[in-house]
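Novice: The structure under discussion is supplied below as structure tokens; questions concerning it will follow.
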Amino acid sequence: MEKIDIRQAIKSKRLYFDGGTGTVLQSMGLEKGHAPELWSIEQPEKILSLHKQYLDAGCDIIKTNTFGINCEKYKNYAELISASVKIARDAVNECGKGYVAFDIGPTGRLLKPLGDLEFEDAVEIFAKNIRVASKLGCDLILIETMNDSYETKAAVLAANENSDLPVFVTNAYGEDDKLMTGATPEAMVAMLEGMGVDALGLNCSCGPDKMVNIVERLANAASVPLIVNPNAGLPIVINGRTVFNIRPEKFAQYMTALANKGGCILGGCCGTTPEHIKQMILATSGIDYVYPSKKDRTVISSYTHAVEIGNLPILIGERINPTGKPKLKEALREGDMSYVLSEAVKQADKGVDILDVNVGVPGLNEPELIKNTVTSIQAVLSTPLQIDSSNPTAIEKAARIYNGKPLINSVNGKKESMEAVFPIAKKYSGAIIALTMDEDGIPATAEERLSIALNIIDVAKEYGIDKNDIIVDPLALTVSADTKNALVTLESIRLLHQNGIKTSLGVSNVSFGLPERDRINSVFFANALNAGLDCAIMNPFSQPMMDVYFAHMALHDMDANCEKYVAYACQSATVHEAQAVQTFDLIYCISKGLCDEAVNATEKLLGEIQPLDVISQHVIPALNNVGKAFEEKKIFLPQLLASAQCACAVFDRIKLLIPANASQSSKKIILATVEGDIHDIGKNIVKVMLESYGFEVIDLGRDVAPNVVLDAVCNNNCKLVGLSALMTTTVPSMEKTIELLHNKFADVKVVVGGAVLTQDYADSINADFYAKDAMDTVRFAEDYYNE
């Protein structure tokens, strides 16, 4: 009997994944610190036994033993993948049922601009695995335990470009319901559904009891099946052995609740066993199954959050567009990205929802320039971006490396335009601005513009692009050429709105060629909002425009208790165009991650005060402000690291004026990712933060043996050590390292961190401090040297 494609199977019934691999293999004899994937060659019979136990327990999908395999870690990665897939297929054949999921885990490295791994290099790392596995008879690809939206995108892109297998994705969310780099569940749904994944969800990080809120949010946002693969609670140490604190029966109870919340594909992760899966299936198989409904929403996203278009008016900042802006044009020609970033940051400070990015200057390489500009802006801001270009190559360059689901501006009704832009939007996940013009130009009537819009929507469907991802711009033509132009545009907005079509408009175009343009723009903006305009591309430095926006919100029941209007009205500083040329102080520049501006501000301060005073009065206060904002979840990891890197650049400048012996830090710390673990993202983040606070960091790298850490303590006379681990199977190496250090030096202090660690677990392995994040480590290290 031919196996049903898993995409069809999930439409009619709930499916079940298997559970943990590494933790179960340890109970079967896997030694501490030994990589589980090596057993596919060394102990294939035990891997086969594990798969069969899960299939016998009733699961539908087994994961290949390939989570930790990639070409950077193993030269023989293809051999290991082939062996692992063969074992999984043998298990399915012997049991006469089941699907084989090719399992892909994270690389263990942070992508640029936060880390050192190029986006395209990450894509290729994943692609090499997929090219091998796709020829071996897998039924689907599972991309799991991803805690960074950018790495997730790289993996999905590799899967889409190198295989036609179904793609399932699960991310690892923290206690704050976000990924490590800040993405909300809604942001991940926007990007992943846009890229065409077949199912999505969450795994690892925590037990099922901690996943309820995330599952609810995912279920409310997603139109594809939801995967829920929790840990069996939290790890604890009993008699020197790592176990998890939720037993099979209790796990099944929690999973019943998650099935009722919308879980379509259920399974387990760290600490779960065949018995956990068996009990879960028994408890949930009788629950009515409901396939997710299609969500009628228009959403774009950044790497932290989603913006829904259609509920409230959306402001799109227009200032990064060289048309009519000689200073920006000059900055682009000279490669002055600091000016571009300052324009981006100032618009974000004014509260725009989206930033338009247009770098089209004659004579410049627009595809490369817009790619670099998008990357640079996303390094310092989490505001979603609108990729604005008439050049399809430029759009594709930017969309490919964009971290999230962008808004693409634009397509029009011309056949060649749709043929060029729609495939890009479909491949890279993007909503599209559609201009109401075609081969015959811009129609003179609202009805004709609606007709073009409807045709664009129909053609988009042929490319698999939903109506919700088309936002129509009916085009604002200047009234200085024809005084009927504004009326036609307003009527077009009304017609589009009545037909359930979202709209966008470059508002200021209406006043081109006229004096005192804000007077025309603001009244036209008010009329457009009343006609149903959803998105306005506008100047957020224009006080009349912002007055209209906040007043409209208050008058149309879009501002609870008029809170936003009151806050806006009470601002002491007025918003004028002239403010756009203000000079930033050092604290502001560091807080916003503006490196060039920060160095310039430092140069000015060094002419006024002593170098060490610059550090104590400006740098450290800025970092403390940023650290507090991070701890209060007001900013996220990318902004934290951007500020830290900015502070490091300032330190480097200041050190040139300080004698060598005086500039050498007396604050030292040794960092290492423990033996057997190649995932050093967390360690590298901590390193950047510590260096920004002036620490000398002795970085031993990843997969570091306990004796190497001990030697570093002896050779550097440093009694403060930070250890990191991502994988449950490598935590015993952390415990061994701590024991070795404490036995040799009673006064050594060890701070530990990592995704699998908790305060209780850290206590059980005798760590001196548990750090839940990078700022915790900084605070502990500061306290250590201040005692």
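Residues are referred to by chain and number: the chain letter is A, B, ... according to the order shown in the structure tokens, the number counts from 1 in that chain, and ligands are numbered separately from 1 in the order shown.
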Show which residues sit within 12 Å of region 4-12 of chain A, as a count of residues only. Count only C-alpha atoms, and ignore same-chain residues fewer than 6 positions away.
Specialist: 33
Novice: As a list in words, please: every residue in region 29-174 of chain A that DSSP puts in strand (DSSP E).
Specialist: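 Assigned to strand (DSSP E), within region 29-174 of chain A: Ile61, Ile62, Lys63, Tyr99, Val100, Ala101, Phe102, Asp103, Ile104, Leu140, Ile141, Leu142, Ile143, Glu144, Thr145, Met146, Val167, Phe168, Val169, Thr170 and Asn171 of chain A.
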Novice: Keeping C-alpha atoms, export the residues of the selection given above as a PDB file, in the first residue's frame.
Specialist:
ATOM      1  CA  ILE A  61       7.044  10.269  12.668  1.00  0.00           C
ATOM      2  CA  ILE A  62      10.560   9.361  13.729  1.00  0.00           C
ATOM      3  CA  LYS A  63      13.455  11.805  13.548  1.00  0.00           C
ATOM      4  CA  TYR A  99       7.321   8.625   8.336  1.00  0.00           C
ATOM      5  CA  VAL A 100      11.035   9.495   8.399  1.00  0.00           C
ATOM      6  CA  ALA A 101      11.844  13.124   9.231  1.00  0.00           C
ATOM      7  CA  PHE A 102      15.321  14.287   8.316  1.00  0.00           C
ATOM      8  CA  ASP A 103      16.328  16.165  11.450  1.00  0.00           C
ATOM      9  CA  ILE A 104      18.245  19.458  11.155  1.00  0.00           C
ATOM     10  CA  LEU A 140       9.935  15.266   5.272  1.00  0.00           C
ATOM     11  CA  ILE A 141      12.491  17.734   6.612  1.00  0.00           C
ATOM     12  CA  LEU A 142      12.287  18.821  10.236  1.00  0.00           C
ATOM     13  CA  ILE A 143      14.147  22.026  11.132  1.00  0.00           C
ATOM     14  CA  GLU A 144      14.095  22.143  14.924  1.00  0.00           C
ATOM     15  CA  THR A 145      15.332  23.869  18.084  1.00  0.00           C
ATOM     16  CA  MET A 146      16.041  27.111  16.230  1.00  0.00           C
ATOM     17  CA  VAL A 167       9.201  21.223   5.490  1.00  0.00           C
ATOM     18  CA  PHE A 168       8.289  21.316   9.188  1.00  0.00           C
ATOM     19  CA  VAL A 169       9.838  23.906  11.529  1.00  0.00           C
ATOM     20  CA  THR A 170       9.923  24.154  15.309  1.00  0.00           C
ATOM     21  CA  ASN A 171      11.535  26.998  17.225  1.00  0.00           C
TER      22      ASN A 171
END
Novice: Give me, as a PyMOL selection string, the residues of region 519-548 of chain A that a backbone DSSP run labels alpha helix (DSSP H).
Specialist: chain A and resi 519-531+543-548
Novice: Keeping only N, CA and C atoms, write the selected residues as an mmCIF file, in the first residue's frame.
Specialist:
data_model
loop_
_atom_site.group_PDB
_atom_site.id
_atom_site.type_symbol
_atom_site.label_atom_id
_atom_site.label_comp_id
_atom_site.auth_asym_id
_atom_site.auth_seq_id
_atom_site.Cartn_x
_atom_site.Cartn_y
_atom_site.Cartn_z
ATOM 1 N N ARG A 519 0.588 71.749 4.350
ATOM 2 C CA ARG A 519 -0.829 72.155 4.485
ATOM 3 C C ARG A 519 -1.726 71.276 3.595
ATOM 4 N N ILE A 520 -1.261 71.032 2.378
ATOM 5 C CA ILE A 520 -2.003 70.160 1.468
ATOM 6 C C ILE A 520 -1.926 68.715 1.947
ATOM 7 N N ASN A 521 -0.717 68.281 2.281
ATOM 8 C CA ASN A 521 -0.501 66.870 2.646
ATOM 9 C C ASN A 521 -1.355 66.449 3.833
ATOM 10 N N SER A 522 -1.402 67.290 4.862
ATOM 11 C CA SER A 522 -2.096 66.889 6.089
ATOM 12 C C SER A 522 -3.607 66.786 5.878
ATOM 13 N N VAL A 523 -4.189 67.716 5.117
ATOM 14 C CA VAL A 523 -5.629 67.648 4.856
ATOM 15 C C VAL A 523 -5.952 66.442 3.974
ATOM 16 N N PHE A 524 -5.110 66.221 2.974
ATOM 17 C CA PHE A 524 -5.303 65.058 2.104
ATOM 18 C C PHE A 524 -5.167 63.761 2.904
ATOM 19 N N PHE A 525 -4.202 63.727 3.814
ATOM 20 C CA PHE A 525 -3.994 62.557 4.671
ATOM 21 C C PHE A 525 -5.248 62.284 5.495
ATOM 22 N N ALA A 526 -5.835 63.327 6.062
ATOM 23 C CA ALA A 526 -7.054 63.156 6.863
ATOM 24 C C ALA A 526 -8.183 62.586 6.017
ATOM 25 N N ASN A 527 -8.322 63.090 4.804
ATOM 26 C CA ASN A 527 -9.369 62.594 3.912
ATOM 27 C C ASN A 527 -9.114 61.140 3.508
ATOM 28 N N ALA A 528 -7.858 60.804 3.269
ATOM 29 C CA ALA A 528 -7.518 59.439 2.880
ATOM 30 C C ALA A 528 -7.801 58.463 4.016
ATOM 31 N N LEU A 529 -7.477 58.854 5.230
ATOM 32 C CA LEU A 529 -7.774 58.002 6.380
ATOM 33 C C LEU A 529 -9.280 57.792 6.521
ATOM 34 N N ASN A 530 -10.037 58.825 6.329
ATOM 35 C CA ASN A 530 -11.497 58.708 6.415
ATOM 36 C C ASN A 530 -12.055 57.828 5.300
ATOM 37 N N ALA A 531 -11.352 57.777 4.175
ATOM 38 C CA ALA A 531 -11.799 56.935 3.062
ATOM 39 C C ALA A 531 -11.437 55.471 3.266
ATOM 40 N N GLN A 543 4.992 67.771 11.742
ATOM 41 C CA GLN A 543 4.043 67.858 12.842
ATOM 42 C C GLN A 543 2.592 67.857 12.358
ATOM 43 N N PRO A 544 2.242 68.588 11.292
ATOM 44 C CA PRO A 544 0.841 68.530 10.827
ATOM 45 C C PRO A 544 0.391 67.123 10.456
ATOM 46 N N MET A 545 1.285 66.345 9.834
ATOM 47 C CA MET A 545 0.920 64.969 9.463
ATOM 48 C C MET A 545 0.704 64.115 10.707
ATOM 49 N N MET A 546 1.592 64.258 11.689
ATOM 50 C CA MET A 546 1.448 63.475 12.916
ATOM 51 C C MET A 546 0.236 63.940 13.723
ATOM 52 N N ASP A 547 -0.057 65.243 13.669
ATOM 53 C CA ASP A 547 -1.274 65.751 14.327
ATOM 54 C C ASP A 547 -2.509 65.038 13.777
ATOM 55 N N VAL A 548 -2.577 64.944 12.450
ATOM 56 C CA VAL A 548 -3.721 64.289 11.809
ATOM 57 C C VAL A 548 -3.805 62.832 12.242
#
Novice: Using only C-alpha atoms, can you tell me which of A:Asn70, A:Ala453, A:Ser285, A:Arg109 comes closest to Asn684 (chain A)?
Specialist: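 Closest to Asn684 (chain A) of all the choices is A:Arg109.
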Novice: Name the residues in contact with Tyr785 (chain A) at a cut-off of 10 Å, using only C-alpha atoms, excluding same-chain residues fewer than 2 positions from it; report them as a PDB file with N, CA and C atoms, in the first residue's frame.
Specialist:
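As written to disk, around.pdb reads:
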ATOM      1  N   SER A 666      42.096  45.169  34.491  1.00  0.00           N
ATOM      2  CA  SER A 666      42.372  44.321  35.652  1.00  0.00           C
ATOM      3  C   SER A 666      41.248  43.317  35.870  1.00  0.00           C
ATOM      4  N   LYS A 667      40.193  43.455  35.062  1.00  0.00           N
ATOM      5  CA  LYS A 667      39.049  42.548  35.181  1.00  0.00           C
ATOM      6  C   LYS A 667      39.148  41.476  34.096  1.00  0.00           C
ATOM      7  N   LYS A 668      39.399  40.246  34.527  1.00  0.00           N
ATOM      8  CA  LYS A 668      39.556  39.138  33.578  1.00  0.00           C
ATOM      9  C   LYS A 668      38.489  38.078  33.818  1.00  0.00           C
ATOM     10  N   LEU A 720      37.952  33.663  37.696  1.00  0.00           N
ATOM     11  CA  LEU A 720      36.547  33.809  37.303  1.00  0.00           C
ATOM     12  C   LEU A 720      36.354  33.114  35.961  1.00  0.00           C
ATOM     13  N   PHE A 780      27.096  39.632  37.488  1.00  0.00           N
ATOM     14  CA  PHE A 780      27.848  38.771  38.407  1.00  0.00           C
ATOM     15  C   PHE A 780      29.341  39.107  38.355  1.00  0.00           C
ATOM     16  N   ALA A 781      29.875  39.272  37.142  1.00  0.00           N
ATOM     17  CA  ALA A 781      31.298  39.581  36.996  1.00  0.00           C
ATOM     18  C   ALA A 781      31.634  40.933  37.606  1.00  0.00           C
ATOM     19  N   GLU A 782      30.758  41.918  37.421  1.00  0.00           N
ATOM     20  CA  GLU A 782      30.978  43.229  38.027  1.00  0.00           C
ATOM     21  C   GLU A 782      30.990  43.119  39.551  1.00  0.00           C
ATOM     22  N   ASP A 783      30.030  42.386  40.095  1.00  0.00           N
ATOM     23  CA  ASP A 783      29.971  42.207  41.554  1.00  0.00           C
ATOM     24  C   ASP A 783      31.213  41.487  42.069  1.00  0.00           C
ATOM     25  N   GLU A 787      33.790  43.351  44.950  1.00  0.00           N
ATOM     26  CA  GLU A 787      33.772  42.893  46.355  1.00  0.00           C
ATOM     27  C   GLU A 787      35.016  43.363  47.102  1.00  0.00           C
TER      28      GLU A 787
END
Novice: Considering only C-alpha atoms, return as a list in words whatever protein or nucleic-acid residues lie within 6 Å of region 601-618 of chain A, sequence-local ones (same chain, fewer than 4 positions apart) excluded.
Specialist: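 After dropping sequence-adjacent residues, the list is Leu586, Ile587 and Ile654 of chain A.
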Novice: Which polymer residues have any atom within 8 Å of an atom of region 275-283 of chain A, counting only C-alpha atoms, with same-chain residues fewer than 3 positions away left out, as a PyMOL selection string?
Specialist: chain A and resi 16+18-19+54+57-59+247-249+251-253+255-256+267-268+272+286
Novice: Using only C-alpha atoms, what table do you get, as JSON lines, when you list each residue of region 630-699 of chain A with an atom no more than 8 Å from region 374-384 of chain A, its nearest pair of atoms, and their distance in Å rounded to one decimal, rows by chain then rising number?
Specialist:
{"residue": "A:Pro638", "atom": "CA", "partner": "A:Ala379", "partner_atom": "CA", "distance": 6.6}
{"residue": "A:Gln639", "atom": "CA", "partner": "A:Val380", "partner_atom": "CA", "distance": 5.7}
{"residue": "A:Ala642", "atom": "CA", "partner": "A:Val380", "partner_atom": "CA", "distance": 6.0}
Novice: Rounded to one decimal place, report the CA of Ala774 (chain A)-CA of Val686 (chain A) distance in Å.
Specialist: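 Straight-line distance from CA of Ala774 (chain A) to CA of Val686 (chain A) works out to 4.8 Å.
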Novice: Between A:Ile69, A:Leu328, A:Leu637, A:Ala762, which is the closest to Leu38 (chain A) once you count only C-alpha atoms?
Specialist: A:Ile69
